[in-house]
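> Pasting run10.tsv below, which is TSV, C-alpha atoms.
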chain	number	residue	atom	x	y	z
D	2	MET	CA	-123.03	56.36	-180.70
D	3	SER	CA	-122.87	59.36	-178.45
D	4	VAL	CA	-119.60	60.87	-177.35
D	5	LEU	CA	-118.55	59.21	-174.09
D	6	ALA	CA	-116.69	61.17	-171.48
D	7	ALA	CA	-116.45	60.93	-167.72
D	8	SER	CA	-115.54	62.56	-164.46
D	9	GLY	CA	-112.62	60.16	-163.99
D	10	PRO	CA	-109.00	61.07	-164.79
D	11	ALA	CA	-109.10	59.46	-168.21
D	12	PHE	CA	-111.76	61.90	-169.32
D	13	LYS	CA	-110.64	65.18	-167.74
D	14	ARG	CA	-109.54	66.98	-170.86
D	15	THR	CA	-110.63	69.96	-172.95
D	16	PHE	CA	-111.37	69.43	-176.58
D	17	GLY	CA	-110.57	72.19	-179.09
D	18	ARG	CA	-111.27	72.49	-182.79
D	19	SER	CA	-108.63	69.91	-183.69
D	20	SER	CA	-110.01	67.35	-181.25
D	21	THR	CA	-111.11	64.04	-182.69
D	22	VAL	CA	-113.21	63.10	-179.68
D	23	SER	CA	-115.64	65.97	-179.33
D	24	ARG	CA	-117.03	65.77	-182.83
D	25	LEU	CA	-116.26	62.24	-183.91
D	26	LEU	CA	-119.35	60.19	-183.20
D	27	ASN	CA	-122.09	62.52	-182.14
D	28	GLY	CA	-124.46	61.97	-185.04
D	29	ARG	CA	-123.84	65.44	-186.47
D	30	THR	CA	-121.73	66.80	-189.29
D	31	LEU	CA	-120.16	70.16	-189.93
D	32	ALA	CA	-119.55	69.72	-193.62
D	33	HIS	CA	-121.16	68.61	-196.83
D	34	SER	CA	-119.66	65.79	-198.82
D	35	LEU	CA	-116.96	66.83	-201.27
D	36	ASN	CA	-117.90	66.97	-204.93
D	37	ARG	CA	-115.25	66.03	-207.44
D	38	ASN	CA	-115.13	67.53	-210.89
D	39	SER	CA	-114.61	64.14	-212.46
D	40	THR	CA	-115.16	60.62	-211.12
D	41	ALA	CA	-114.47	58.69	-214.32
D	42	GLY	CA	-112.02	55.79	-214.27
D	43	MET	CA	-111.32	55.82	-210.55
D	44	LYS	CA	-109.29	53.26	-208.65
D	45	ILE	CA	-111.17	51.80	-205.68
D	46	LEU	CA	-109.39	49.62	-203.13
D	47	ALA	CA	-111.32	47.48	-200.65
D	48	VAL	CA	-109.82	45.68	-197.65
D	49	LEU	CA	-112.21	42.93	-196.58
D	50	TYR	CA	-111.91	39.65	-194.69
D	51	LYS	CA	-111.34	36.32	-196.38
D	52	GLY	CA	-114.46	34.15	-196.45
D	53	GLY	CA	-113.00	30.91	-197.78
D	54	GLU	CA	-115.36	28.06	-198.59
D	55	ALA	CA	-118.14	29.62	-196.53
D	56	ALA	CA	-118.21	32.67	-198.80
D	57	LYS	CA	-118.28	30.50	-201.92
D	58	GLN	CA	-121.22	28.53	-200.53
D	59	GLU	CA	-123.06	31.56	-199.14
D	60	PRO	CA	-123.22	34.53	-201.54
D	61	ARG	CA	-124.90	36.65	-198.85
D	62	LEU	CA	-121.50	36.89	-197.14
D	63	LEU	CA	-121.09	40.21	-198.93
D	64	GLY	CA	-118.38	41.61	-196.69
D	65	THR	CA	-115.81	39.06	-197.84
D	66	VAL	CA	-113.01	39.14	-200.40
D	67	GLU	CA	-114.87	36.55	-202.43
D	68	ASN	CA	-118.19	38.43	-202.67
D	69	GLN	CA	-116.72	41.95	-202.68
D	70	LEU	CA	-119.76	43.79	-201.24
D	71	GLY	CA	-121.66	42.79	-204.37
D	72	ILE	CA	-120.52	45.91	-206.24
D	73	ARG	CA	-117.82	44.71	-208.66
D	74	GLU	CA	-120.00	44.52	-211.75
D	75	TRP	CA	-121.62	47.84	-210.95
D	76	LEU	CA	-118.27	49.59	-210.50
D	77	GLN	CA	-116.69	48.06	-213.58
D	78	SER	CA	-119.73	48.93	-215.70
D	79	GLN	CA	-118.96	52.56	-214.94
D	80	GLY	CA	-115.32	52.24	-215.93
D	81	HIS	CA	-113.81	52.06	-212.46
D	82	GLU	CA	-111.01	49.74	-211.32
D	83	TYR	CA	-111.90	47.68	-208.25
D	84	ILE	CA	-109.21	45.90	-206.22
D	85	VAL	CA	-110.23	43.73	-203.26
D	86	THR	CA	-107.81	42.16	-200.78
D	87	ASP	CA	-107.45	40.86	-197.26
D	88	ASP	CA	-103.66	41.35	-197.32
D	89	LYS	CA	-103.17	44.40	-195.10
D	90	GLU	CA	-100.10	44.03	-192.90
D	91	GLY	CA	-96.74	45.60	-193.70
D	92	PRO	CA	-95.30	47.80	-196.45
D	93	GLN	CA	-95.34	45.00	-199.04
D	94	SER	CA	-99.01	44.16	-198.46
D	95	VAL	CA	-101.51	44.59	-201.26
D	96	PHE	CA	-103.24	47.23	-199.15
D	97	GLN	CA	-100.22	49.47	-198.76
D	98	GLN	CA	-98.93	48.96	-202.30
D	99	GLN	CA	-102.26	49.59	-204.03
D	100	LEU	CA	-103.18	52.50	-201.77
D	101	LYS	CA	-100.46	54.67	-203.30
D	102	ASP	CA	-102.55	55.58	-206.34
D	103	ALA	CA	-106.04	54.76	-205.09
D	104	ASP	CA	-108.86	57.31	-205.27
D	105	ILE	CA	-111.20	55.57	-202.82
D	106	LEU	CA	-110.55	53.18	-199.94
D	107	ILE	CA	-113.22	50.87	-198.53
D	108	THR	CA	-112.46	49.25	-195.17
D	109	THR	CA	-114.36	47.29	-192.55
D	110	PRO	CA	-114.16	47.18	-188.73
D	111	PHE	CA	-114.06	43.38	-188.87
D	112	HIS	CA	-110.71	43.22	-190.70
D	113	PRO	CA	-109.47	46.82	-190.49
D	114	GLY	CA	-106.92	48.28	-192.80
D	115	TYR	CA	-105.26	50.81	-190.50
D	116	LEU	CA	-104.90	54.12	-192.35
D	117	THR	CA	-102.13	56.12	-190.70
D	118	PRO	CA	-100.83	59.64	-191.45
D	119	GLU	CA	-97.76	58.08	-193.04
D	120	LEU	CA	-99.88	56.03	-195.45
D	121	MET	CA	-102.04	59.03	-196.32
D	122	ALA	CA	-98.92	61.01	-197.20
D	123	LYS	CA	-98.02	58.30	-199.70
D	124	ALA	CA	-101.51	58.31	-201.27
D	125	PRO	CA	-101.89	61.75	-202.91
D	126	LYS	CA	-104.95	60.75	-204.96
D	127	LEU	CA	-106.95	59.39	-202.02
D	128	LYS	CA	-110.06	61.52	-201.46
D	129	LEU	CA	-112.64	59.20	-199.90
D	130	CYS	CA	-112.61	56.46	-197.23
D	131	VAL	CA	-115.75	54.42	-196.71
D	132	THR	CA	-116.22	52.14	-193.71
D	133	ALA	CA	-118.48	49.25	-194.68
D	134	GLY	CA	-120.07	49.10	-191.26
D	135	VAL	CA	-119.88	51.34	-188.20
D	136	GLY	CA	-116.73	52.60	-186.47
D	137	SER	CA	-113.88	54.40	-188.23
D	138	ASP	CA	-111.29	54.39	-185.43
D	139	HIS	CA	-108.90	52.46	-187.72
D	140	ILE	CA	-108.50	55.71	-189.69
D	141	ASP	CA	-106.50	58.65	-188.33
D	142	LEU	CA	-109.24	61.24	-188.58
D	143	ASP	CA	-107.09	64.28	-187.80
D	144	ALA	CA	-104.77	63.28	-190.64
D	145	ALA	CA	-107.76	62.79	-192.92
D	146	VAL	CA	-108.79	66.38	-192.24
D	147	GLU	CA	-105.27	67.61	-193.01
D	148	HIS	CA	-105.14	65.69	-196.29
D	149	GLY	CA	-108.65	66.64	-197.38
D	150	ILE	CA	-109.87	63.05	-197.28
D	151	GLU	CA	-113.53	62.43	-196.59
D	152	VAL	CA	-114.44	59.62	-194.18
D	153	LEU	CA	-117.92	58.12	-194.28
D	154	GLU	CA	-119.51	55.06	-192.72
D	155	VAL	CA	-122.84	53.27	-192.96
D	156	THR	CA	-124.29	54.60	-189.74
D	157	GLY	CA	-126.88	52.38	-188.09
D	158	SER	CA	-126.26	49.44	-190.41
D	159	ASN	CA	-125.45	46.99	-187.64
D	160	VAL	CA	-126.64	48.54	-184.36
D	161	THR	CA	-129.42	45.97	-183.90
D	162	SER	CA	-127.04	43.12	-184.72
D	163	VAL	CA	-124.50	44.28	-182.12
D	164	ALA	CA	-127.15	44.94	-179.45
D	165	GLU	CA	-128.54	41.43	-179.86
D	166	HIS	CA	-125.05	39.96	-179.55
D	167	ALA	CA	-124.44	41.94	-176.35
D	168	VAL	CA	-127.62	40.59	-174.78
D	169	MET	CA	-126.73	37.05	-175.83
D	170	SER	CA	-123.25	37.42	-174.31
D	171	ILE	CA	-124.65	38.72	-171.03
D	172	LEU	CA	-126.91	35.69	-170.77
D	173	LEU	CA	-124.24	33.14	-171.61
D	174	LEU	CA	-121.97	34.58	-168.91
D	175	VAL	CA	-124.57	34.93	-166.18
D	176	ARG	CA	-126.07	31.49	-166.88
D	177	ASN	CA	-122.59	29.87	-167.12
D	178	PHE	CA	-123.49	28.50	-170.52
D	179	VAL	CA	-120.06	27.93	-172.10
D	180	PRO	CA	-118.71	25.51	-169.44
D	181	ALA	CA	-122.05	23.68	-169.50
D	182	HIS	CA	-121.83	23.13	-173.25
D	183	GLU	CA	-118.16	22.13	-173.03
D	184	MET	CA	-119.12	19.56	-170.39
D	185	ILE	CA	-121.64	18.00	-172.75
D	186	GLU	CA	-119.07	17.92	-175.56
D	187	ARG	CA	-116.67	16.05	-173.26
D	188	GLY	CA	-119.32	13.47	-172.54
D	189	ASP	CA	-119.60	14.46	-168.88
D	190	TRP	CA	-122.68	15.22	-166.76
D	191	GLN	CA	-122.26	16.95	-163.42
D	192	VAL	CA	-125.00	19.54	-162.90
D	193	SER	CA	-123.56	20.90	-159.66
D	194	GLU	CA	-120.31	21.92	-161.35
D	195	ILE	CA	-122.28	24.26	-163.62
D	196	ALA	CA	-125.07	25.37	-161.27
D	197	ARG	CA	-122.56	26.52	-158.62
D	198	ASN	CA	-121.81	29.56	-160.83
D	199	ALA	CA	-125.09	30.04	-162.71
D	200	PHE	CA	-127.40	32.93	-161.87
D	201	ASP	CA	-130.59	34.61	-163.04
D	202	LEU	CA	-130.45	37.95	-164.81
D	203	GLU	CA	-133.57	39.00	-162.94
D	204	GLY	CA	-132.77	41.15	-159.93
D	205	LYS	CA	-129.32	42.20	-161.16
D	206	VAL	CA	-128.05	45.74	-161.66
D	207	ILE	CA	-127.02	46.15	-165.31
D	208	GLY	CA	-125.24	49.17	-166.70
D	209	THR	CA	-124.11	50.35	-170.10
D	210	LEU	CA	-120.86	52.26	-170.43
D	211	GLY	CA	-121.95	54.43	-173.36
D	212	ALA	CA	-125.57	55.21	-174.12
D	213	GLY	CA	-125.60	55.85	-177.84
D	214	ARG	CA	-127.71	53.92	-180.32
D	215	ILE	CA	-126.36	50.48	-179.37
D	216	GLY	CA	-126.27	51.14	-175.63
D	217	ARG	CA	-129.89	52.24	-175.65
D	218	LEU	CA	-130.95	49.22	-177.70
D	219	VAL	CA	-129.21	46.91	-175.23
D	220	LEU	CA	-131.02	48.48	-172.27
D	221	GLU	CA	-134.31	48.30	-174.14
D	222	ARG	CA	-133.83	44.57	-174.74
D	223	LEU	CA	-132.81	43.90	-171.14
D	224	ARG	CA	-135.79	45.55	-169.50
D	225	PRO	CA	-138.12	42.51	-169.93
D	226	PHE	CA	-135.68	40.43	-167.84
D	227	ASN	CA	-136.85	42.43	-164.80
D	228	PRO	CA	-133.43	43.62	-163.59
D	229	LYS	CA	-133.15	45.32	-160.22
D	230	GLU	CA	-132.01	48.48	-162.00
D	231	LEU	CA	-130.71	49.68	-165.36
D	232	LEU	CA	-127.92	52.27	-165.25
D	233	TYR	CA	-126.02	54.23	-167.86
D	234	TYR	CA	-122.80	56.20	-167.88
D	235	ASP	CA	-122.28	58.73	-170.65
D	236	TYR	CA	-121.05	62.27	-171.18
D	237	ASN	CA	-124.38	63.13	-172.75
D	238	LYS	CA	-127.46	62.97	-170.56
D	239	LEU	CA	-130.30	61.14	-172.28
D	240	PRO	CA	-133.60	62.99	-172.78
D	241	GLU	CA	-136.02	62.48	-169.91
D	242	GLU	CA	-138.50	60.80	-172.23
D	243	THR	CA	-135.84	58.23	-173.22
D	244	THR	CA	-134.81	57.44	-169.65
D	245	LYS	CA	-138.46	56.94	-168.67
D	246	LYS	CA	-138.98	54.60	-171.62
D	247	LEU	CA	-135.87	52.60	-170.73
D	248	GLY	CA	-136.35	52.81	-166.98
D	249	ALA	CA	-132.67	53.78	-166.75
D	250	ARG	CA	-130.79	55.97	-164.27
D	251	ARG	CA	-127.69	57.97	-165.10
D	252	VAL	CA	-124.58	57.72	-162.90
D	253	GLU	CA	-122.18	60.59	-163.55
D	254	ASP	CA	-119.07	59.27	-161.77
D	255	LEU	CA	-117.32	56.36	-163.49
D	256	GLN	CA	-116.03	54.64	-160.36
D	257	GLU	CA	-119.42	54.96	-158.71
D	258	PHE	CA	-121.05	53.55	-161.84
D	259	VAL	CA	-118.94	50.39	-162.01
D	260	SER	CA	-119.22	49.81	-158.24
D	261	GLN	CA	-123.01	49.50	-158.52
D	262	CYS	CA	-123.22	47.10	-161.49
D	263	ASP	CA	-123.44	43.33	-161.48
D	264	VAL	CA	-123.16	43.40	-165.29
D	265	ILE	CA	-121.50	46.06	-167.43
D	266	THR	CA	-121.95	46.21	-171.19
D	267	ILE	CA	-119.49	48.43	-173.05
D	268	ASN	CA	-121.01	50.39	-175.93
D	269	ALA	CA	-118.65	53.33	-176.36
D	270	PRO	CA	-116.50	54.58	-179.24
D	271	LEU	CA	-112.74	54.16	-179.11
D	272	HIS	CA	-110.78	57.39	-178.79
D	273	ASP	CA	-108.01	58.80	-176.59
D	274	GLY	CA	-110.38	59.13	-173.65
D	275	THR	CA	-111.63	55.53	-173.75
D	276	ARG	CA	-108.49	53.67	-174.82
D	277	ASN	CA	-107.32	51.42	-171.95
D	278	LEU	CA	-110.13	52.84	-169.81
D	279	VAL	CA	-110.99	49.53	-168.14
D	280	ASN	CA	-107.67	48.75	-166.51
D	281	ALA	CA	-106.41	47.41	-163.19
D	282	ASP	CA	-107.08	50.69	-161.39
D	283	LEU	CA	-110.71	50.88	-162.50
D	284	LEU	CA	-111.30	47.15	-162.02
D	285	LYS	CA	-110.59	47.58	-158.31
D	286	HIS	CA	-113.83	49.55	-158.08
D	287	PHE	CA	-115.97	46.88	-159.75
D	288	LYS	CA	-118.25	44.69	-157.67
D	289	LYS	CA	-116.34	41.50	-156.92
D	290	GLY	CA	-117.57	38.84	-159.32
D	291	ALA	CA	-119.03	41.25	-161.89
D	292	TRP	CA	-119.42	40.36	-165.55
D	293	ILE	CA	-118.26	42.51	-168.50
D	294	VAL	CA	-119.49	42.30	-172.09
D	295	ASN	CA	-117.57	44.35	-174.64
D	296	THR	CA	-118.93	44.56	-178.18
D	297	ALA	CA	-117.55	48.07	-178.77
D	298	ARG	CA	-113.77	48.06	-179.23
D	299	GLY	CA	-111.25	45.72	-177.63
D	300	ALA	CA	-108.71	48.44	-176.86
D	301	ILE	CA	-111.13	50.07	-174.39
D	302	CYS	CA	-110.09	47.27	-172.02
D	303	ASN	CA	-106.56	46.35	-171.00
D	304	ALA	CA	-106.14	42.77	-172.15
D	305	ASP	CA	-103.72	41.64	-169.44
D	306	ASP	CA	-105.63	43.37	-166.64
D	307	ILE	CA	-108.91	41.75	-167.70
D	308	ALA	CA	-107.29	38.30	-167.75
D	309	ALA	CA	-105.74	38.89	-164.32
D	310	ALA	CA	-109.06	40.10	-162.83
D	311	LEU	CA	-110.79	37.00	-164.16
D	312	LYS	CA	-108.16	34.74	-162.64
D	313	THR	CA	-108.40	36.34	-159.20
D	314	GLY	CA	-112.19	36.38	-159.15
D	315	GLN	CA	-112.55	40.15	-159.25
D	316	LEU	CA	-114.40	39.44	-162.49
D	317	ASN	CA	-116.62	36.38	-162.89
D	318	GLY	CA	-116.71	36.64	-166.66
D	319	TYR	CA	-115.75	38.58	-169.75
D	320	ALA	CA	-117.30	38.19	-173.19
D	321	GLY	CA	-117.35	39.99	-176.49
D	322	ASP	CA	-116.18	39.85	-180.07
D	323	VAL	CA	-113.81	42.82	-180.26
D	324	TRP	CA	-110.06	42.57	-179.74
D	325	ASN	CA	-107.30	45.14	-179.38
D	326	VAL	CA	-105.60	43.52	-182.40
D	327	GLN	CA	-107.57	41.91	-185.23
D	328	PRO	CA	-107.14	39.14	-186.16
D	329	ALA	CA	-106.15	38.30	-182.59
D	330	PRO	CA	-102.74	36.60	-182.18
D	331	LYS	CA	-102.90	32.94	-181.23
D	332	ASP	CA	-101.29	33.72	-177.87
D	333	HIS	CA	-103.71	36.52	-177.00
D	334	PRO	CA	-104.68	36.15	-173.31
D	335	TRP	CA	-108.39	36.52	-174.09
D	336	ARG	CA	-108.31	33.27	-176.05
D	337	TYR	CA	-107.43	31.23	-172.97
D	338	MET	CA	-108.34	33.18	-169.83
D	339	LYS	CA	-110.67	31.54	-167.30
D	340	ASN	CA	-112.15	32.37	-163.93
D	341	HIS	CA	-111.20	30.35	-160.85
D	342	LEU	CA	-113.87	27.75	-161.71
D	343	GLY	CA	-112.63	27.24	-165.26
D	344	GLY	CA	-115.31	29.30	-167.04
D	345	GLY	CA	-116.18	32.93	-167.58
D	346	ASN	CA	-114.81	33.31	-171.11
D	347	GLY	CA	-117.31	34.20	-173.83
D	348	MET	CA	-114.91	35.56	-176.45
D	349	VAL	CA	-115.56	35.00	-180.16
D	350	PRO	CA	-114.22	36.49	-183.42
D	351	HIS	CA	-115.45	39.95	-184.39
D	352	TYR	CA	-118.76	39.09	-186.00
D	353	SER	CA	-121.54	40.69	-183.95
D	354	GLY	CA	-122.06	43.42	-186.54
D	355	THR	CA	-121.57	41.28	-189.62
D	356	THR	CA	-124.56	38.97	-189.58
D	357	LEU	CA	-126.03	38.26	-193.00
D	358	ASP	CA	-128.72	40.86	-192.30
D	359	ALA	CA	-126.13	43.45	-191.30
D	360	GLN	CA	-123.97	42.68	-194.34
D	361	ALA	CA	-126.91	43.35	-196.64
D	362	ARG	CA	-127.41	46.72	-194.95
D	363	TYR	CA	-123.79	47.86	-194.97
D	364	ALA	CA	-123.17	46.63	-198.52
D	365	SER	CA	-126.21	48.56	-199.72
D	366	GLY	CA	-125.12	51.61	-197.71
D	367	THR	CA	-121.61	51.48	-199.15
D	368	LYS	CA	-123.00	51.45	-202.67
D	369	GLU	CA	-125.25	54.40	-201.87
D	370	ILE	CA	-122.31	56.41	-200.51
D	371	LEU	CA	-120.26	55.67	-203.63
D	372	GLU	CA	-123.18	56.49	-205.93
D	373	ASN	CA	-123.72	59.84	-204.21
D	374	TYR	CA	-120.02	60.58	-204.48
D	375	PHE	CA	-119.82	59.74	-208.17
D	376	GLN	CA	-122.87	61.86	-208.94
D	377	GLY	CA	-121.93	64.77	-206.70
D	378	LYS	CA	-125.03	64.35	-204.53
D	379	PRO	CA	-125.11	65.22	-200.81
D	380	GLN	CA	-124.40	62.36	-198.45
D	381	GLU	CA	-126.63	61.41	-195.54
D	382	PRO	CA	-125.38	63.73	-192.76
D	383	ALA	CA	-125.27	60.92	-190.18
D	384	ASN	CA	-122.86	58.97	-192.40
D	385	ILE	CA	-120.25	61.74	-192.59
D	386	ILE	CA	-117.44	61.42	-190.05
D	387	VAL	CA	-115.05	63.76	-191.86
D	388	GLY	CA	-116.42	66.07	-194.54
D	389	ARG	CA	-114.50	68.58	-196.60
D	390	GLY	CA	-111.50	69.40	-194.46
D	391	GLU	CA	-113.27	69.27	-191.06
D	392	TYR	CA	-115.39	67.11	-188.79
Translate this file's structure into structure tokens.

Amino acid sequence: MSVLAASGPAFKRTFGRSSTVSRLLNGRTLAHSLNRNSTAGMKILAVLYKGGEAAKQEPRLLGTVENQLGIREWLQSQGHEYIVTDDKEGPQSVFQQQLKDADILITTPFHPGYLTPELMAKAPKLKLCVTAGVGSDHIDLDAAVEHGIEVLEVTGSNVTSVAEHAVMSILLLVRNFVPAHEMIERGDWQVSEIARNAFDLEGKVIGTLGAGRIGRLVLERLRPFNPKELLYYDYNKLPEETTKKLGARRVEDLQEFVSQCDVITINAPLHDGTRNLVNADLLKHFKKGAWIVNTARGAICNADDIAAALKTGQLNGYAGDVWNVQPAPKDHPWRYMKNHLGGGNGMVPHYSGTTLDAQARYASGTKEILENYFQGKPQEPANIIVGRGEY
């Protein structure tokens, strides 16, 4: 992803050396991976999601507690201790108890173990955090720098998976698919009730808020639908060659950007400048009846404001797989919100980036990161979020 900033109030800030935002997700690194003098007999803690019967029946569900990224035998053969859990909430959780003397922590965006400064202070041996996937906003990166903890992720492992999910979500909203399927499940058949809010994607203005790897892939996949125009909003201007290939136009003002779009797909990293960015104030500037798809991070959007905008008709639909809290509470408004016609909700659990294909990639990438670390080899620069004491 590229760093996303804007001309709006939420983005008017200056980033110094200690800033997380300016150097967090720009595809560059300022440090080599730390080499340890000894990596024998290390304790490795992984926080993954519980797969249940599905994981027992499908061994390719590598990102689960049951299948453990497929690296248990490999780690144990080298004399390392490997603890895997999904229990991550509260001081008595396995995560917080086992972290105290762990050397390496493996986490995932799909069931994040939130690593705070307070927890780092209680984990003096912790030297490496690996995100099995993409997106390390569940780790306090400034604190990681202070504590000399490296943070790496498997960059690019699921960008195609997420981009495909975003395109699917756009289509199911615009074509009013979910209410149509629910009607069939109920045993009903009333075409007019569905068609009254079903549209073509052709001829629409579609914009991506964030034009990094995923945002560009989304635009690339939307071009064959013959939209009226493709727009992008990002702090970084794309190379002219890229914009010509995508047929995309940059809009530099955030409010102007959202006011032009029929469909907005959010593909930005979560940081102080994007948290709660899409709120009631910004939603006033959206085209009435616009659709939003968010496969980036749930906290970029204000949950209550999105639900309210859907109810009033300011938004016609909202879809995605990311939530501001994961797992989402049963009373989360995004579970139940509807537009004025009883549709417009395309929310699902956080799985866009954890298809079986993506899991194979991020499991393999996690092993490669660990292997490089054990052997003192340089890491792939694009994978390094925090190197040795700096971004």
> Leaving out Trp335 (chain D) and any residue of its chain fewer than 3 positions from it, which residues lie within 10 Å of it when counting all atoms listed in the file, given as a PDB file with C-alpha atoms, in the coordinates of the input?

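Generated file (result_11.pdb):
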ATOM      1  CA  ALA D 304    -106.140  42.770-172.150  1.00  0.00           C
ATOM      2  CA  ASP D 305    -103.720  41.640-169.440  1.00  0.00           C
ATOM      3  CA  ILE D 307    -108.910  41.750-167.700  1.00  0.00           C
ATOM      4  CA  ALA D 308    -107.290  38.300-167.750  1.00  0.00           C
ATOM      5  CA  TYR D 319    -115.750  38.580-169.750  1.00  0.00           C
ATOM      6  CA  ALA D 320    -117.300  38.190-173.190  1.00  0.00           C
ATOM      7  CA  GLY D 321    -117.350  39.990-176.490  1.00  0.00           C
ATOM      8  CA  TRP D 324    -110.060  42.570-179.740  1.00  0.00           C
ATOM      9  CA  ALA D 329    -106.150  38.300-182.590  1.00  0.00           C
ATOM     10  CA  PRO D 330    -102.740  36.600-182.180  1.00  0.00           C
ATOM     11  CA  LYS D 331    -102.900  32.940-181.230  1.00  0.00           C
ATOM     12  CA  ASP D 332    -101.290  33.720-177.870  1.00  0.00           C
ATOM     13  CA  MET D 338    -108.340  33.180-169.830  1.00  0.00           C
ATOM     14  CA  LYS D 339    -110.670  31.540-167.300  1.00  0.00           C
ATOM     15  CA  ASN D 346    -114.810  33.310-171.110  1.00  0.00           C
ATOM     16  CA  GLY D 347    -117.310  34.200-173.830  1.00  0.00           C
ATOM     17  CA  MET D 348    -114.910  35.560-176.450  1.00  0.00           C
ATOM     18  CA  VAL D 349    -115.560  35.000-180.160  1.00  0.00           C
TER      19      VAL D 349
END
> Set the distance at 8 Å and use all atoms listed in the file: which residues neighbour region 103-113 of chain D once local chain neighbours fewer than 4 positions away are removed? I'd like the list as an NGL selection string.
:D and (43-50 or 87 or 99 or 124 or 126-137 or 139 or 327-328 or 351-352 or 355)
> So that I can check the surroundings of Gly208 (chain D), please list as an mmCIF file with C-alpha atoms, in the frame of the given file every protein, DNA and RNA residue that reaches within 8 Å of it, counting all atoms listed in the file and ignoring chain neighbours fewer than 4 positions away.

data_model
loop_
_atom_site.group_PDB
_atom_site.id
_atom_site.type_symbol
_atom_site.label_atom_id
_atom_site.label_comp_id
_atom_site.auth_asym_id
_atom_site.auth_seq_id
_atom_site.Cartn_x
_atom_site.Cartn_y
_atom_site.Cartn_z
ATOM 1 C CA LEU D 231 -130.710 49.680 -165.360
ATOM 2 C CA LEU D 232 -127.920 52.270 -165.250
ATOM 3 C CA TYR D 233 -126.020 54.230 -167.860
ATOM 4 C CA TYR D 234 -122.800 56.200 -167.880
ATOM 5 C CA PHE D 258 -121.050 53.550 -161.840
ATOM 6 C CA VAL D 259 -118.940 50.390 -162.010
ATOM 7 C CA CYS D 262 -123.220 47.100 -161.490
ATOM 8 C CA VAL D 264 -123.160 43.400 -165.290
ATOM 9 C CA ILE D 265 -121.500 46.060 -167.430
ATOM 10 C CA THR D 266 -121.950 46.210 -171.190
#
> Interatomic distance between CA of Gly42 (chain D) and CA of Asp138 (chain D)?
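Rounded to one decimal, the two atoms are 28.9 Å apart.
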> I want to know what sits within 6 Å of region 358-371 of chain D, based on all atoms listed in the file, with residues of the same chain fewer than 6 positions away left out; could you give that as number ranges by chain?
D: 63, 70, 133-134, 155, 158-159
> Keeping C-alpha atoms, export the residues of the selection given above as an mmCIF file, in the frame of the given file.

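Contents of result_3.cif, freshly written:
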data_model
loop_
_atom_site.group_PDB
_atom_site.id
_atom_site.type_symbol
_atom_site.label_atom_id
_atom_site.label_comp_id
_atom_site.auth_asym_id
_atom_site.auth_seq_id
_atom_site.Cartn_x
_atom_site.Cartn_y
_atom_site.Cartn_z
ATOM 1 C CA LEU D 63 -121.090 40.210 -198.930
ATOM 2 C CA LEU D 70 -119.760 43.790 -201.240
ATOM 3 C CA ALA D 133 -118.480 49.250 -194.680
ATOM 4 C CA GLY D 134 -120.070 49.100 -191.260
ATOM 5 C CA VAL D 155 -122.840 53.270 -192.960
ATOM 6 C CA SER D 158 -126.260 49.440 -190.410
ATOM 7 C CA ASN D 159 -125.450 46.990 -187.640
#
> Would you kindly return, as a ChimeraX atom specification, each protein, DNA or RNA residue with an atom no farther than 8 Å from any atom of Val160 (chain D), considering only C-alpha atoms and excluding same-chain residues fewer than 4 positions away?
/D:164,214-215,218,354
> Distance CA of Asp102 (chain D)-CA of Ile150 (chain D), one decimal place?
13.8 Å
> CA of Lys101 (chain D) and CA of Glu67 (chain D) are how many Å apart?
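If I compute the distance from CA of Lys101 (chain D) to CA of Glu67 (chain D), I get 23.2 Å.
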> With distances taken over all atoms listed in the file, which of D:Phe287, D:Gln315, D:Asp282, D:Gly91 is nearest to Asn303 (chain D)?
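The shortest atom-to-atom distance to Asn303 (chain D) comes from D:Asp282.
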> If I only have part of region 219-226 of chain D, can you fill in N, CA and C atoms and write it as an mmCIF file, keeping the file's coordinate frame?

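Listed below is the output, selection-v5.cif:
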data_model
loop_
_atom_site.group_PDB
_atom_site.id
_atom_site.type_symbol
_atom_site.label_atom_id
_atom_site.label_comp_id
_atom_site.auth_asym_id
_atom_site.auth_seq_id
_atom_site.Cartn_x
_atom_site.Cartn_y
_atom_site.Cartn_z
ATOM 1 N N VAL D 219 -129.510 47.977 -176.182
ATOM 2 C CA VAL D 219 -129.210 46.910 -175.230
ATOM 3 C C VAL D 219 -130.105 47.049 -173.990
ATOM 4 N N LEU D 220 -130.174 48.265 -173.447
ATOM 5 C CA LEU D 220 -131.020 48.480 -172.270
ATOM 6 C C LEU D 220 -132.478 48.158 -172.575
ATOM 7 N N GLU D 221 -132.925 48.566 -173.741
ATOM 8 C CA GLU D 221 -134.310 48.300 -174.140
ATOM 9 C C GLU D 221 -134.608 46.810 -174.158
ATOM 10 N N ARG D 222 -133.649 46.019 -174.646
ATOM 11 C CA ARG D 222 -133.830 44.570 -174.740
ATOM 12 C C ARG D 222 -133.660 43.869 -173.400
ATOM 13 N N LEU D 223 -133.017 44.515 -172.455
ATOM 14 C CA LEU D 223 -132.810 43.900 -171.140
ATOM 15 C C LEU D 223 -133.968 44.156 -170.180
ATOM 16 N N ARG D 224 -134.733 45.174 -170.437
ATOM 17 C CA ARG D 224 -135.790 45.550 -169.500
ATOM 18 C C ARG D 224 -136.774 44.403 -169.221
ATOM 19 N N PRO D 225 -137.181 43.603 -170.216
ATOM 20 C CA PRO D 225 -138.120 42.510 -169.930
ATOM 21 C C PRO D 225 -137.570 41.428 -168.993
ATOM 22 N N PHE D 226 -136.251 41.418 -168.753
ATOM 23 C CA PHE D 226 -135.680 40.430 -167.840
ATOM 24 C C PHE D 226 -135.891 40.820 -166.376
#
